[in-house]
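Quick notes on the structure that follows.
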Amino acid sequence: MTATYETHEHDVLIIGAGGAGLRAAIEALAHGVSVGVVCKSLLGKAHTVMAEGGIAAAMANVDTSDDWRAHFCDTMRGGKFLNNWRMAQLHAQEAPERVRELEQWGALFDRTENGEILQRAFGGHTYKRLCHVGDRTGLEMIRTLQDRGVHQGIDVYMECAITRLLKDGDRIAGAFGYWREQGRFVVFKAKSVVICTGGIGKAWKITSNSWEYTGDGMALAYDAGAELTDMEFVQFHPTGMVWPPGVQGILVTEAVRGEGGILRNKNGERFMERYDPKRLDLSTRDVVARSIYTEVREGRGTEHGGAFLDISHKPAEYVKRKLPSMYHQFLELADVDITKGPMEVGPTCHYMMGGIRVDAETAQSSVSGLFAAGEAAAGLHGANRLGGNSLSDLLVFGRRAGLAAAEYAKRSSAATIDSSQVTDAERQMVLPFESATNESPYAIHEDLQGVMQNLVGIFRTENDLRMAQSEIDKLKERAARVRVEGSRLFNPGWHLARDLRSMLTVAEAVTRSALARRESRGAHSRIDFPNLDEAWGKMHNVVVKQGDSMTLFESPVSEMPDDLKQLLVEDKVTK
């Protein structure tokens with residue numbers, strides 16, 4: 001095998017170089033193991049940079065009443081109690097320390113008058129809790145983590161796409177992939193693997209996600225035998241750009257509403273008074289997204305099918321200082337000055353609450369030696385994520401995954417990779433060049449995006465979901481025959497042909513899970529089952545690969561200890 005393939009060997013291999021991947025790498029390195037980080041794009045291009053609003057952590061710098069208990073209760077309530085309670089507890093308890101660590105490593109946060117990290121309000125959070133750097137928080141996080149990682153000496157393999165996890169019996173042994181530029185194949189040997197590949201948004205037509213977000217990590221884990229859970233819970237961020245068409249879906253940060261932005265319909269009405277009179281524009285994302293969608297559907301939407309978001313009542317200098325990215329984004333992309341007039345916004349596919357099922361303490365999946373953190377892992381957010389919780393999620397569970405993967409690697413002997421796995425992985429990759437059909441990967445992708453956008457969107461029905469399932473089956477058949485022209489040298493059609501397999505896997509998992517959950521909870525809204533169902537509040541949907549087909553089963557939500565239950569009772573009484 002070594003004669004034919006370029007091979008690299010590490011104790012811990014991390015797939016994905018966003019916030020979770022880098023934090024995992026830093027932690028694993030600190031425990032004295034050899035670490036490799038593989039990323040599909042260039043270092044620094046991770047999706048984390050697009051997180052604008054802030055990092056949710058109960059530092060109590062602005063609201064002194066805040067503490068981890070309040071953060072825990074907000075997270076559980078936002079997730080409609082489908083969260084892994086232990087993950088929610090660890091996240092709330094450890095987030096402040098992770099933010100302080102980031103600050104020690106050189107992150108430059110906005111400050112209060114007495115020099116502490118400034119915190120802002122955000123949807124679903126009781127207190128001002130989001131530590132931020134204007135509206136460029138994710139960018140500062142990535143800069144800080146990259147600097148730290150590079151100085152520690154992480155090995156980074158850029159523009160390398162992983163297409164298969166390799167196993168030694170039931171345990172992980174490494175990964176197979178290819179260099180996107182030359183198309184050469186590469187094998188990574190590793191004792192443990194951490195998946196930090198983010199979400200699945202490119203399966204939908206209107207999304208805030210960029211081209212990398214094709215569900216690779218979830219599909220890799222699924223193919224290796226890991227369980228995926230809560231896949232029906234896809235978050236549609238309420239505010240993406242809707243005009244002009246070329247920028248449709250680009251995120252408009254919740255920080256606009258956190259700093260006082262107001263949502264209005266075409267008649268000038270502040271419509272959130274109808275849907276959540278208490279929290280108004282700072283309601284949870286699932287509620288705001290459905291509210292905008294409903295306004296549009298009932299004929300009160302804006303010219304291009306959205307709503308108006310207005311912060312022009314605030315002083316121009318304040319807006320430019322607090323929301324510099326948004327000011328430039330609208331000026332340059334939509335020719336709109338947000339200090340003088342409203343933005344036009346609408347829901348956009350944004351974040352995946354579901355993903356690889358992991359253990360709360362160690363972030364290990366159901367496959368020995370395979371770990372996951374960040375958006376690729378499920379559990380923390382339940383049925384709906386609160387804004388700002390993703391960045392603290394990356395730090396808390398990125399660290400835990402890196403630590404557990406390093407400890408696992410130290411305990412494990414070197415795995416052996418059966419060369420037939422590698423041969424088979426290579427065979428799969430070259431098939432599209434040999435296909436005799438004229439099936440285009442671009443046409444299949446466009447059709448998939450149409451199916452998911454129209455049939456598996458914000459509101460769902462049994463008929464739509466059954467139709468989506470049938471269409472996905474047809475698309476899988478087409479994808480198996482897909483044809484690619486040209487050579488393996490940087491060939492976008494070939495790259496997409498591979499990504500389609502991942503997108504079709506996650507699309508099927510989302511659709512099957514959405515069909516099974518006969519209730520509306522958090523980000524999952526069934527028109528035919530509009531209410532919460534107590535029985536479903538006690539169940540997770542889990543999908544796993546059996547043979548060549550996807551099997552779905554129900555798994556009970558784990559029982560919360562009495563002291564945490566009491567916190568939620570007390571919290572309910574005070575609100």
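Chain identifiers are assigned as A, B, and so on, following the order in which chains appear in the structure tokens; residues are numbered from 1 within each chain, and ligands are numbered from 1 in order of appearance.
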Self-check item: Non-local contacts of Ser555 (chain A) (8 Å; only C-alpha atoms; under 6 positions in same chain excluded) as number ranges by chain
Solution: A: 539-542
For N, CA, C and O atoms, I'd like the residues from the last selection saved as a tab-separated table (two decimals), in the first residue's frame.
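Full text of again38.tsv as output:
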```tsv
chain	number	residue	atom	x	y	z
A	539	MET	N	-38.35	11.16	22.97
A	539	MET	CA	-37.71	10.30	21.96
A	539	MET	C	-36.77	11.05	21.01
A	539	MET	O	-37.09	12.15	20.57
A	540	HIS	N	-35.65	10.41	20.72
A	540	HIS	CA	-34.78	10.85	19.63
A	540	HIS	C	-35.00	9.90	18.46
A	540	HIS	O	-35.18	8.69	18.66
A	541	ASN	N	-34.94	10.43	17.24
A	541	ASN	CA	-34.84	9.58	16.06
A	541	ASN	C	-33.37	9.30	15.79
A	541	ASN	O	-32.56	10.23	15.81
A	542	VAL	N	-33.03	8.06	15.53
A	542	VAL	CA	-31.64	7.69	15.25
A	542	VAL	C	-31.61	6.94	13.92
A	542	VAL	O	-32.44	6.06	13.69
```
*as an NGL selection string, list the residues of region 50-141 of chain A assigned to strand (DSSP E or B) by DSSP on the backbone atoms of this structure.*
:A and (55-56 or 111 or 117 or 119-120 or 130-131)
Would you put the residues from that selection into a file with C-alpha atoms, as a PDB file, in the first residue's frame?
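Done, and the output landed in again-v3.pdb:
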```
ATOM      1  CA  ILE A  55     -19.919  33.572  21.906  1.00  0.00           C
ATOM      2  CA  ALA A  56     -22.575  32.699  24.483  1.00  0.00           C
ATOM      3  CA  ARG A 111     -14.899  45.960  26.205  1.00  0.00           C
ATOM      4  CA  ILE A 117     -15.388  41.574  27.886  1.00  0.00           C
ATOM      5  CA  GLN A 119     -21.697  41.112  26.239  1.00  0.00           C
ATOM      6  CA  ARG A 120     -24.793  41.717  24.098  1.00  0.00           C
ATOM      7  CA  LEU A 130     -22.745  37.136  23.974  1.00  0.00           C
ATOM      8  CA  CYS A 131     -19.048  38.049  24.110  1.00  0.00           C
TER       9      CYS A 131
END
```
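With CA of Tyr442 (chain A) on one side and CA of Val456 (chain A) on the other, the separation reads 20.2 Å.
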Min atom-atom distance to Arg526 (chain A) from the set A:Arg143, A:His237, A:Arg385, A:Arg460, counting only C-alpha atoms, belongs to A:Arg460
What does the distance from CA of Arg257 (chain A) to CA of Ile292 (chain A) come to in Å, to one decimal?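 Between CA of Arg257 (chain A) and CA of Ile292 (chain A) the gap works out to 14.2 Å.
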- Item | Non-local contacts of Phe236 (chain A) (7 Å; only C-alpha atoms; under 5 positions in same chain excluded) as a list in words |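 Contacts, in chain order: Asp286, Ala289, Pro347, Thr348, Cys349, His350, Tyr351 and Ile458 of chain A.
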Q.
Report, in Å with one decimal, the straight-line distance from CA of Thr137 (chain A) to CA of Thr207 (chain A).
A.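 Spanning CA of Thr137 (chain A) to CA of Thr207 (chain A) is a straight-line distance of 20.2 Å.
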Open item on the list: So that I can check the secondary structure, give me every residue of region 273-461 of chain A assigned helix (DSSP H, G or I) by backbone DSSP, as an MDAnalysis selection string.
Closed with: chainID A and resid 273:275 280:282 285:297 316:322 324:333 374:376 389:411 419:434 441:455
Save the residues we just selected, C-alpha atoms, as a PDB file, in the first residue's frame?
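Written output follows (part-v8.pdb):
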```pdb
ATOM      1  CA  GLU A 273     -46.096  41.360  18.450  1.00  0.00           C
ATOM      2  CA  ARG A 274     -48.497  38.769  17.007  1.00  0.00           C
ATOM      3  CA  TYR A 275     -46.200  35.752  17.402  1.00  0.00           C
ATOM      4  CA  LEU A 280     -40.648  40.255  20.046  1.00  0.00           C
ATOM      5  CA  ASP A 281     -37.727  40.406  17.585  1.00  0.00           C
ATOM      6  CA  LEU A 282     -35.463  38.542  20.024  1.00  0.00           C
ATOM      7  CA  ARG A 285     -34.846  31.516  15.690  1.00  0.00           C
ATOM      8  CA  ASP A 286     -37.448  28.853  14.914  1.00  0.00           C
ATOM      9  CA  VAL A 287     -40.266  31.208  15.979  1.00  0.00           C
ATOM     10  CA  VAL A 288     -38.940  34.251  14.070  1.00  0.00           C
ATOM     11  CA  ALA A 289     -38.272  32.225  10.887  1.00  0.00           C
ATOM     12  CA  ARG A 290     -41.804  30.762  10.909  1.00  0.00           C
ATOM     13  CA  SER A 291     -43.257  34.230  11.620  1.00  0.00           C
ATOM     14  CA  ILE A 292     -41.545  35.826   8.601  1.00  0.00           C
ATOM     15  CA  TYR A 293     -42.539  32.853   6.425  1.00  0.00           C
ATOM     16  CA  THR A 294     -46.167  33.197   7.591  1.00  0.00           C
ATOM     17  CA  GLU A 295     -46.238  36.955   6.899  1.00  0.00           C
ATOM     18  CA  VAL A 296     -44.990  36.330   3.351  1.00  0.00           C
ATOM     19  CA  ARG A 297     -47.403  33.444   2.771  1.00  0.00           C
ATOM     20  CA  ALA A 316     -25.416  56.135  12.083  1.00  0.00           C
ATOM     21  CA  GLU A 317     -22.088  56.051  13.936  1.00  0.00           C
ATOM     22  CA  TYR A 318     -23.457  53.538  16.444  1.00  0.00           C
ATOM     23  CA  VAL A 319     -24.594  51.214  13.634  1.00  0.00           C
ATOM     24  CA  LYS A 320     -21.246  51.468  11.824  1.00  0.00           C
ATOM     25  CA  ARG A 321     -19.330  50.777  15.049  1.00  0.00           C
ATOM     26  CA  LYS A 322     -21.493  47.889  16.268  1.00  0.00           C
ATOM     27  CA  PRO A 324     -19.421  47.133  10.525  1.00  0.00           C
ATOM     28  CA  SER A 325     -19.726  43.929   8.461  1.00  0.00           C
ATOM     29  CA  MET A 326     -23.488  44.348   7.960  1.00  0.00           C
ATOM     30  CA  TYR A 327     -23.050  48.002   6.959  1.00  0.00           C
ATOM     31  CA  HIS A 328     -20.514  47.078   4.256  1.00  0.00           C
ATOM     32  CA  GLN A 329     -22.343  43.900   3.197  1.00  0.00           C
ATOM     33  CA  PHE A 330     -25.562  45.745   2.338  1.00  0.00           C
ATOM     34  CA  LEU A 331     -23.822  48.761   0.846  1.00  0.00           C
ATOM     35  CA  GLU A 332     -21.641  46.650  -1.468  1.00  0.00           C
ATOM     36  CA  LEU A 333     -23.993  43.756  -2.308  1.00  0.00           C
ATOM     37  CA  GLY A 374     -19.142  21.265  16.611  1.00  0.00           C
ATOM     38  CA  GLU A 375     -21.966  21.292  14.092  1.00  0.00           C
ATOM     39  CA  ALA A 376     -21.182  17.757  12.886  1.00  0.00           C
ATOM     40  CA  ASN A 389     -24.286  28.751  21.506  1.00  0.00           C
ATOM     41  CA  SER A 390     -22.495  27.369  18.432  1.00  0.00           C
ATOM     42  CA  LEU A 391     -19.251  29.248  19.102  1.00  0.00           C
ATOM     43  CA  SER A 392     -19.124  28.186  22.754  1.00  0.00           C
ATOM     44  CA  ASP A 393     -20.083  24.651  21.622  1.00  0.00           C
ATOM     45  CA  LEU A 394     -16.994  24.586  19.363  1.00  0.00           C
ATOM     46  CA  LEU A 395     -14.707  25.583  22.205  1.00  0.00           C
ATOM     47  CA  VAL A 396     -16.170  23.377  24.942  1.00  0.00           C
ATOM     48  CA  PHE A 397     -16.632  20.183  22.930  1.00  0.00           C
ATOM     49  CA  GLY A 398     -13.725  20.784  20.547  1.00  0.00           C
ATOM     50  CA  ARG A 399     -11.506  20.723  23.631  1.00  0.00           C
ATOM     51  CA  ARG A 400     -13.235  17.634  25.081  1.00  0.00           C
ATOM     52  CA  ALA A 401     -13.006  15.760  21.755  1.00  0.00           C
ATOM     53  CA  GLY A 402      -9.313  16.590  21.358  1.00  0.00           C
ATOM     54  CA  LEU A 403      -8.550  15.475  24.905  1.00  0.00           C
ATOM     55  CA  ALA A 404     -10.507  12.194  24.638  1.00  0.00           C
ATOM     56  CA  ALA A 405      -9.077  11.396  21.165  1.00  0.00           C
ATOM     57  CA  ALA A 406      -5.534  11.933  22.491  1.00  0.00           C
ATOM     58  CA  GLU A 407      -6.152   9.713  25.523  1.00  0.00           C
ATOM     59  CA  TYR A 408      -7.715   7.029  23.317  1.00  0.00           C
ATOM     60  CA  ALA A 409      -4.700   7.150  20.963  1.00  0.00           C
ATOM     61  CA  LYS A 410      -2.266   6.807  23.874  1.00  0.00           C
ATOM     62  CA  ARG A 411      -4.075   3.660  25.063  1.00  0.00           C
ATOM     63  CA  SER A 419      -5.474  -2.660   1.476  1.00  0.00           C
ATOM     64  CA  SER A 420      -8.777  -3.850  -0.031  1.00  0.00           C
ATOM     65  CA  GLN A 421     -10.550  -0.939   1.736  1.00  0.00           C
ATOM     66  CA  VAL A 422      -8.199   1.504   0.028  1.00  0.00           C
ATOM     67  CA  THR A 423      -8.601  -0.165  -3.366  1.00  0.00           C
ATOM     68  CA  ASP A 424     -12.367  -0.017  -3.014  1.00  0.00           C
ATOM     69  CA  ALA A 425     -12.287   3.665  -1.964  1.00  0.00           C
ATOM     70  CA  GLU A 426     -10.167   4.480  -5.021  1.00  0.00           C
ATOM     71  CA  ARG A 427     -12.495   2.510  -7.281  1.00  0.00           C
ATOM     72  CA  GLN A 428     -15.494   4.507  -6.049  1.00  0.00           C
ATOM     73  CA  MET A 429     -13.709   7.756  -6.835  1.00  0.00           C
ATOM     74  CA  VAL A 430     -12.771   6.938 -10.437  1.00  0.00           C
ATOM     75  CA  LEU A 431     -16.171   5.472 -11.446  1.00  0.00           C
ATOM     76  CA  PRO A 432     -17.653   8.792 -12.680  1.00  0.00           C
ATOM     77  CA  PHE A 433     -14.915   9.042 -15.339  1.00  0.00           C
ATOM     78  CA  GLU A 434     -15.958   5.631 -16.706  1.00  0.00           C
ATOM     79  CA  PRO A 441     -23.461  16.277 -11.193  1.00  0.00           C
ATOM     80  CA  TYR A 442     -24.606  19.901 -11.510  1.00  0.00           C
ATOM     81  CA  ALA A 443     -28.094  18.922 -12.708  1.00  0.00           C
ATOM     82  CA  ILE A 444     -28.485  16.353  -9.908  1.00  0.00           C
ATOM     83  CA  HIS A 445     -27.353  18.909  -7.304  1.00  0.00           C
ATOM     84  CA  GLU A 446     -29.793  21.512  -8.599  1.00  0.00           C
ATOM     85  CA  ASP A 447     -32.637  18.995  -8.466  1.00  0.00           C
ATOM     86  CA  LEU A 448     -31.693  17.928  -4.930  1.00  0.00           C
ATOM     87  CA  GLN A 449     -31.647  21.538  -3.748  1.00  0.00           C
ATOM     88  CA  GLY A 450     -35.089  22.063  -5.274  1.00  0.00           C
ATOM     89  CA  VAL A 451     -36.495  18.974  -3.534  1.00  0.00           C
ATOM     90  CA  MET A 452     -35.118  19.958  -0.111  1.00  0.00           C
ATOM     91  CA  GLN A 453     -36.081  23.645  -0.449  1.00  0.00           C
ATOM     92  CA  ASN A 454     -39.642  22.961  -1.571  1.00  0.00           C
ATOM     93  CA  LEU A 455     -40.524  19.757   0.267  1.00  0.00           C
TER      94      LEU A 455
END
```
Output as CSV one row per residue of region 138-203 of chain A within 7 Å of region 484-506 of chain A: the closest atom pair and its distance in Å to one decimal place, counting only C-alpha atoms, sorted by chain and residue number ascending.
```
residue,atom,partner,partner_atom,distance
A:Arg180,CA,A:Phe490,CA,5.8
A:Glu181,CA,A:Phe490,CA,4.5
A:Gln182,CA,A:Leu489,CA,4.5
A:Gly183,CA,A:Arg488,CA,4.7
A:Ala203,CA,A:Met503,CA,5.8
```
Review point. From the list A:Asp223, A:Glu232, A:Glu298, A:Asp216, which residue is nearest Val510 (chain A) when using only C-alpha atoms?
Key: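 Closest residue, counting only C-alpha atoms: A:Glu232.
Proximity of A:Gln248, A:Thr416, A:Asn384, A:Thr461 to Gly169 (chain A), computed with only C-alpha atoms, is greatest for A:Thr416.
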Near region 90-100 of chain A, 12 Å: region 8-66 of chain A residue rows, closest pairs, only C-alpha atoms, as CSV:
```
residue,atom,partner,partner_atom,distance
A:Arg23,CA,A:Arg98,CA,10.0
A:Glu27,CA,A:Arg98,CA,11.9
A:Gly54,CA,A:Val99,CA,10.8
A:Ile55,CA,A:Val99,CA,7.8
A:Ala56,CA,A:Ala95,CA,7.5
A:Ala57,CA,A:Pro96,CA,5.1
A:Ala58,CA,A:Pro96,CA,6.1
A:Met59,CA,A:Pro96,CA,5.6
A:Ala60,CA,A:Pro96,CA,9.4
A:Asn61,CA,A:Pro96,CA,10.7
A:Asp66,CA,A:Ala92,CA,11.0
```
Just-selected residues, C-alpha atoms written as a short mmCIF file (atom, residue, chain, number, x, y, z; two decimals), in the first residue's frame:
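Generated file (result_33.cif):
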```
data_model
loop_
_atom_site.label_atom_id
_atom_site.label_comp_id
_atom_site.auth_asym_id
_atom_site.auth_seq_id
_atom_site.Cartn_x
_atom_site.Cartn_y
_atom_site.Cartn_z
CA ARG A 23 -9.61 23.65 19.37
CA GLU A 27 -5.91 20.19 23.08
CA GLY A 54 -20.83 36.40 19.52
CA ILE A 55 -19.92 33.57 21.91
CA ALA A 56 -22.58 32.70 24.48
CA ALA A 57 -21.00 32.36 27.94
CA ALA A 58 -22.40 33.31 31.35
CA MET A 59 -19.54 35.65 32.30
CA ALA A 60 -21.94 38.08 34.06
CA ASN A 61 -19.86 41.08 32.95
CA ASP A 66 -26.30 35.68 34.95
#
```
